[in-house]
file start12.txt (compact mmCIF, C-alpha atoms)
# COMPACT_ATOMS: atom_id res chain seq x y z
CA MET Y 298 60.04 15.10 -16.69
CA ASP Y 299 59.77 18.69 -18.04
CA LYS Y 300 56.49 20.41 -18.92
CA GLN Y 301 57.06 20.09 -22.66
CA THR Y 302 57.44 16.32 -22.40
CA ILE Y 303 54.38 16.03 -20.18
CA HIS Y 304 52.30 18.07 -22.63
CA SER Y 305 53.60 16.06 -25.57
CA LYS Y 306 52.81 12.68 -24.07
CA GLY Y 307 49.37 13.79 -22.91
CA PHE Y 308 48.62 15.34 -26.27
CA GLU Y 309 49.60 12.18 -28.14
CA MET Y 310 47.41 10.03 -25.90
CA ALA Y 311 44.45 12.40 -26.41
CA LEU Y 312 44.86 12.32 -30.19
CA LEU Y 313 45.04 8.54 -30.35
CA ALA Y 314 41.96 8.34 -28.15
CA LEU Y 315 40.24 10.80 -30.54
CA ASP Y 316 39.56 13.06 -27.56
CA GLN Y 317 39.55 16.48 -29.21
CA SER Y 318 38.41 18.27 -26.06
CA LYS Y 319 41.31 16.87 -24.03
CA ALA Y 320 43.79 17.57 -26.83
CA GLU Y 321 42.60 21.18 -27.11
CA SER Y 322 42.83 21.63 -23.35
CA ILE Y 323 46.48 20.49 -23.39
CA ILE Y 324 47.31 22.82 -26.27
CA ARG Y 325 45.72 25.81 -24.56
CA LYS Y 326 47.69 25.09 -21.41
CA ALA Y 327 50.90 24.84 -23.44
CA VAL Y 328 50.13 28.13 -25.20
CA GLY Y 329 49.74 29.74 -21.77
CA GLU Y 330 53.35 28.78 -21.07
CA GLY Y 331 54.77 29.71 -24.47
CA SER Y 332 53.52 31.07 -27.79
CA PRO Y 333 50.96 29.72 -30.29
CA MET Y 334 53.57 29.45 -33.03
CA ASP Y 335 56.00 27.54 -30.81
CA VAL Y 336 53.23 25.15 -29.84
CA ALA Y 337 52.24 24.62 -33.49
CA SER Y 338 55.77 24.18 -34.80
CA LYS Y 339 57.12 22.11 -31.94
CA LEU Y 340 54.57 20.33 -29.75
CA VAL Y 341 51.98 19.65 -32.47
CA SER Y 342 54.45 18.93 -35.26
CA ASP Y 343 56.64 16.67 -33.13
CA THR Y 344 53.62 14.72 -31.92
CA LEU Y 345 52.26 14.22 -35.44
CA HIS Y 346 55.74 13.18 -36.54
CA ARG Y 347 55.85 10.46 -33.85
CA ILE Y 348 52.37 9.27 -34.78
CA GLY Y 349 53.41 9.05 -38.44
CA GLU Y 350 56.51 7.05 -37.54
CA ALA Y 351 54.43 4.71 -35.37
CA TRP Y 352 52.19 4.03 -38.36
CA GLU Y 353 55.25 3.34 -40.52
CA ASP Y 354 56.36 0.80 -37.89
CA GLY Y 355 52.95 -0.89 -38.04
CA LYS Y 356 51.97 0.19 -34.52
CA LEU Y 357 49.00 2.38 -35.50
CA ALA Y 358 46.17 2.28 -38.01
CA LEU Y 359 46.09 4.75 -40.90
CA SER Y 360 42.76 6.03 -39.56
CA GLN Y 361 44.52 7.10 -36.34
CA VAL Y 362 47.08 9.09 -38.32
CA TYR Y 363 44.33 10.68 -40.39
CA MET Y 364 42.11 11.63 -37.45
CA SER Y 365 45.09 12.95 -35.46
CA GLY Y 366 45.83 15.32 -38.32
CA VAL Y 367 42.20 16.42 -38.62
CA ILE Y 368 41.93 17.11 -34.87
CA CYS Y 369 45.19 19.05 -34.85
CA GLU Y 370 44.11 21.08 -37.85
CA ALA Y 371 40.87 22.06 -36.11
CA ILE Y 372 42.71 23.07 -32.94
CA ILE Y 373 45.37 25.09 -34.73
CA ASP Y 374 42.74 26.84 -36.84
CA LYS Y 375 41.37 28.26 -33.58
CA LEU Y 376 44.79 29.37 -32.38
CA LEU Y 377 46.17 30.46 -35.76
CA PRO Y 378 43.31 31.30 -38.13
CA PRO Y 379 44.29 31.61 -41.82
CA ALA Y 380 44.61 35.40 -41.63
CA SER Y 381 46.61 35.36 -38.40
CA PRO Y 382 49.99 37.16 -38.49
CA LEU Y 383 51.27 34.28 -36.38
CA ARG Y 384 50.96 31.88 -39.31
CA MET Y 385 54.22 30.87 -41.01
CA ASP Y 386 55.72 33.59 -43.21
CA GLN Y 387 56.12 31.45 -46.30
CA PRO Y 388 56.14 31.24 -50.10
CA LYS Y 389 52.75 30.29 -51.55
CA MET Y 390 52.22 26.54 -51.35
CA ALA Y 391 49.70 24.01 -52.72
CA ILE Y 392 48.99 20.27 -52.59
CA GLY Y 393 47.08 17.98 -54.93
CA VAL Y 394 46.68 14.48 -56.33
CA PHE Y 395 47.97 14.15 -59.89
CA GLU Y 396 45.76 12.21 -62.36
CA ASP Y 397 44.04 10.27 -59.61
CA TYR Y 398 41.25 10.62 -57.03
CA HIS Y 399 42.66 8.68 -54.06
CA LEU Y 400 42.75 11.58 -51.61
CA LEU Y 401 43.47 10.08 -48.18
CA GLY Y 402 47.26 10.45 -48.27
CA LYS Y 403 46.95 14.02 -49.54
CA ARG Y 404 44.44 14.86 -46.82
CA ILE Y 405 46.74 13.57 -44.06
CA ILE Y 406 49.66 15.66 -45.30
CA TYR Y 407 47.44 18.71 -45.80
CA SER Y 408 46.15 18.46 -42.22
CA THR Y 409 49.63 17.88 -40.80
CA LEU Y 410 51.11 20.92 -42.52
CA ARG Y 411 48.24 23.21 -41.57
CA ALA Y 412 48.35 21.91 -38.01
CA SER Y 413 52.02 22.88 -37.97
CA GLY Y 414 51.31 26.50 -38.84
CA PHE Y 415 51.68 26.40 -42.63
CA GLU Y 416 49.09 27.69 -45.09
CA LEU Y 417 48.54 25.86 -48.38
CA MET Y 418 45.94 25.53 -51.10
CA ASP Y 419 44.19 22.18 -51.48
CA LEU Y 420 43.92 21.55 -55.24
CA GLY Y 421 41.98 18.29 -54.82
CA GLY Y 422 42.40 15.29 -57.10
CA GLY Y 423 42.27 14.31 -60.74
CA LEU Y 424 44.65 17.08 -61.74
CA LYS Y 425 45.80 17.04 -65.38
CA THR Y 426 49.06 18.58 -66.54
CA ASP Y 427 47.85 21.70 -68.34
CA HIS Y 428 45.19 22.52 -65.76
CA LEU Y 429 47.67 22.05 -62.92
CA VAL Y 430 50.30 24.20 -64.62
CA ARG Y 431 47.76 26.96 -65.20
CA ILE Y 432 46.69 26.97 -61.54
CA VAL Y 433 50.27 27.09 -60.32
CA GLN Y 434 51.11 29.95 -62.67
CA ASP Y 435 47.94 31.94 -61.94
CA GLU Y 436 48.24 31.53 -58.18
CA LYS Y 437 52.03 32.05 -58.21
CA ILE Y 438 52.63 28.83 -56.28
CA LYS Y 439 56.27 28.33 -55.26
CA ILE Y 440 56.06 24.96 -53.47
CA LEU Y 441 53.89 22.25 -55.04
CA LEU Y 442 53.28 18.91 -53.32
CA LEU Y 443 52.01 16.18 -55.66
CA SER Y 444 50.73 12.73 -54.76
CA VAL Y 445 50.50 10.02 -57.45
CA LEU Y 446 49.21 6.46 -57.44
CA MET Y 447 50.30 4.95 -60.76
CA LEU Y 448 53.65 4.87 -62.56
CA PRO Y 449 52.42 6.59 -65.78
CA SER Y 450 51.26 9.54 -63.67
CA ALA Y 451 54.57 9.65 -61.84
CA LEU Y 452 56.45 9.78 -65.14
CA ARG Y 453 54.33 12.71 -66.32
CA VAL Y 454 55.52 14.79 -63.37
CA LYS Y 455 58.53 15.47 -65.58
CA GLU Y 456 56.28 17.31 -68.04
CA VAL Y 457 54.82 19.40 -65.22
CA LYS Y 458 58.30 20.30 -64.03
CA GLU Y 459 59.39 21.32 -67.52
CA LYS Y 460 56.33 23.51 -68.09
CA LEU Y 461 56.88 25.25 -64.76
CA ALA Y 462 60.61 25.79 -65.24
CA ASP Y 463 60.23 29.54 -65.75
CA ALA Y 464 58.08 29.84 -62.63
CA GLN Y 465 60.85 28.38 -60.45
CA VAL Y 466 58.47 26.09 -58.59
CA LYS Y 467 59.79 23.50 -56.15
CA ILE Y 468 57.97 20.19 -56.69
CA VAL Y 469 57.73 17.64 -53.87
CA VAL Y 470 56.37 14.22 -54.85
CA GLY Y 471 55.06 11.17 -53.03
CA GLY Y 472 53.05 8.03 -53.62
CA ALA Y 473 53.43 4.35 -54.45
CA PRO Y 474 55.67 4.63 -57.56
CA PHE Y 475 58.19 6.71 -55.66
CA ARG Y 476 58.19 4.22 -52.79
CA LEU Y 477 58.91 1.33 -55.14
CA ASP Y 478 61.72 3.16 -56.95
CA ASN Y 479 63.65 5.51 -54.68
CA GLN Y 480 65.42 7.11 -57.64
CA LEU Y 481 62.29 7.86 -59.66
CA TRP Y 482 61.78 11.32 -58.18
CA LEU Y 483 65.19 12.32 -59.52
CA GLU Y 484 64.38 10.92 -62.96
CA VAL Y 485 61.22 13.05 -63.25
CA GLY Y 486 62.99 16.19 -62.06
CA ALA Y 487 61.27 16.61 -58.70
CA ASP Y 488 63.06 18.66 -56.07
CA ALA Y 489 62.25 16.31 -53.18
CA CYS Y 490 60.36 13.14 -52.34
CA GLY Y 491 58.60 12.09 -49.16
CA LYS Y 492 56.91 8.90 -48.08
CA ASP Y 493 54.59 10.30 -45.41
CA SER Y 494 53.42 13.40 -43.54
CA ALA Y 495 56.52 13.43 -41.35
CA ASP Y 496 58.72 13.60 -44.45
CA ALA Y 497 56.52 16.30 -45.97
CA LEU Y 498 56.81 18.42 -42.85
CA GLU Y 499 60.59 18.04 -42.79
CA ILE Y 500 60.93 18.83 -46.51
CA VAL Y 501 58.70 21.90 -46.41
CA THR Y 502 60.50 23.22 -43.34
CA LYS Y 503 63.81 22.79 -45.15
CA LEU Y 504 62.52 24.55 -48.28
CA MET Y 505 61.29 27.38 -46.08
CA GLY Y 506 64.77 27.68 -44.65
CA GLU Y 507 66.13 28.04 -48.16
CA LYS Y 508 63.69 30.93 -48.72
CA VAL Y 509 62.15 29.49 -51.86
call {"tool": "encode", "arguments": {"input": "start12.txt", "output": "structure tokens"}}
result
Amino acid sequence: MDKQTIHSKGFEMALLALDQSKAESIIRKAVGEGSPMDVASKLVSDTLHRIGEAWEDGKLALSQVYMSGVICEAIIDKLLPPASPLRMDQPKMAIGVFEDYHLLGKRIIYSTLRASGFELMDLGGGLKTDHLVRIVQDEKIKILLLSVLMLPSALRVKEVKEKLADAQVKIVVGGAPFRLDNQLWLEVGADACGKDSADALEIVTKLMGEKV
């Protein structure tokens, strides 16, 4: 078994045991054998991806996914603080909950992305169309991740997309309505749709590769 696999397995066990000290120790050892960015983008991201898939398969509790993301975020913030030149060179990105205040799913994705070396603004919840559009325009956001809970909110994503057409913003959506209808994201004009943090990480990485 190679060192990367050993670190990965140990790191996953530490996260699921909520042992932040042990998890941080493993990360620091891995960084000593590689680079902080490689550790963030590979070891941490891959581990969080596996944990997300295990939850999808019913093997883990949502609280374990959430806390794993929070622990990883805290560790990576020490290795790659927001101003660090080692952070991902990326278009400006933001995440928020559209017309709702159920924030857990958003928080998990936010933590996962930051723990993987990305920087993004947390816009919170209860976002209304005009206010959201104004923030995106003022902050020059290029990748916008939106979580929705109810179908009427999901349908109004189309209005957001239309109002941001000139800003050339990529909109990534997720939430219950898009799970129930896997074509809905296309109908509202979103650029991508994800069901969990693993999907979000994959989508954002792909968008980065396209140099949004």
call {"tool": "atom_distance", "arguments": {"input": "start12.txt", "atom1": "CA of Leu483 (chain Y)", "atom2": "CA of Ile405 (chain Y)"}}
result
24.1 Å
call {"tool": "residues_around", "arguments": {"input": "start12.txt", "residues": "Leu345 (chain Y)", "least_positions_apart": "6", "cutoff": "8 Å", "atoms": "all atoms listed in the file", "output": "count of residues only"}}
result
5
call {"tool": "axis_aligned_box", "arguments": {"input": "start12.txt", "around": "region 419-433 of chain Y", "padding_each_side": "4 Å", "output": "AutoDock Vina command-line options"}}
result
--center_x 46.1 --center_y 20.7 --center_z -59.9 --size_x 16.3 --size_y 20.8 --size_z 24.9
call {"tool": "residues_around", "arguments": {"input": "start12.txt", "residues": "region 317-332 of chain Y", "least_positions_apart": "4", "cutoff": "10 Å", "atoms": "only C-alpha atoms", "output": "ChimeraX atom specification"}}
result
/Y:300-301,303-305,307-313,336-337,340-341,364-365,367-369,371-373,375-376,383
call {"tool": "closest_residue", "arguments": {"input": "start12.txt", "among": "Y:Ala451, Y:Gln465, Y:Leu481, Y:Asp493", "to": "Ile348 (chain Y)", "atoms": "all atoms listed in the file"}}
result
Y:Asp493
call {"tool": "atom_distance", "arguments": {"input": "start12.txt", "atom1": "CA of Ile392 (chain Y)", "atom2": "CA of Ile440 (chain Y)"}}
result
8.5 Å
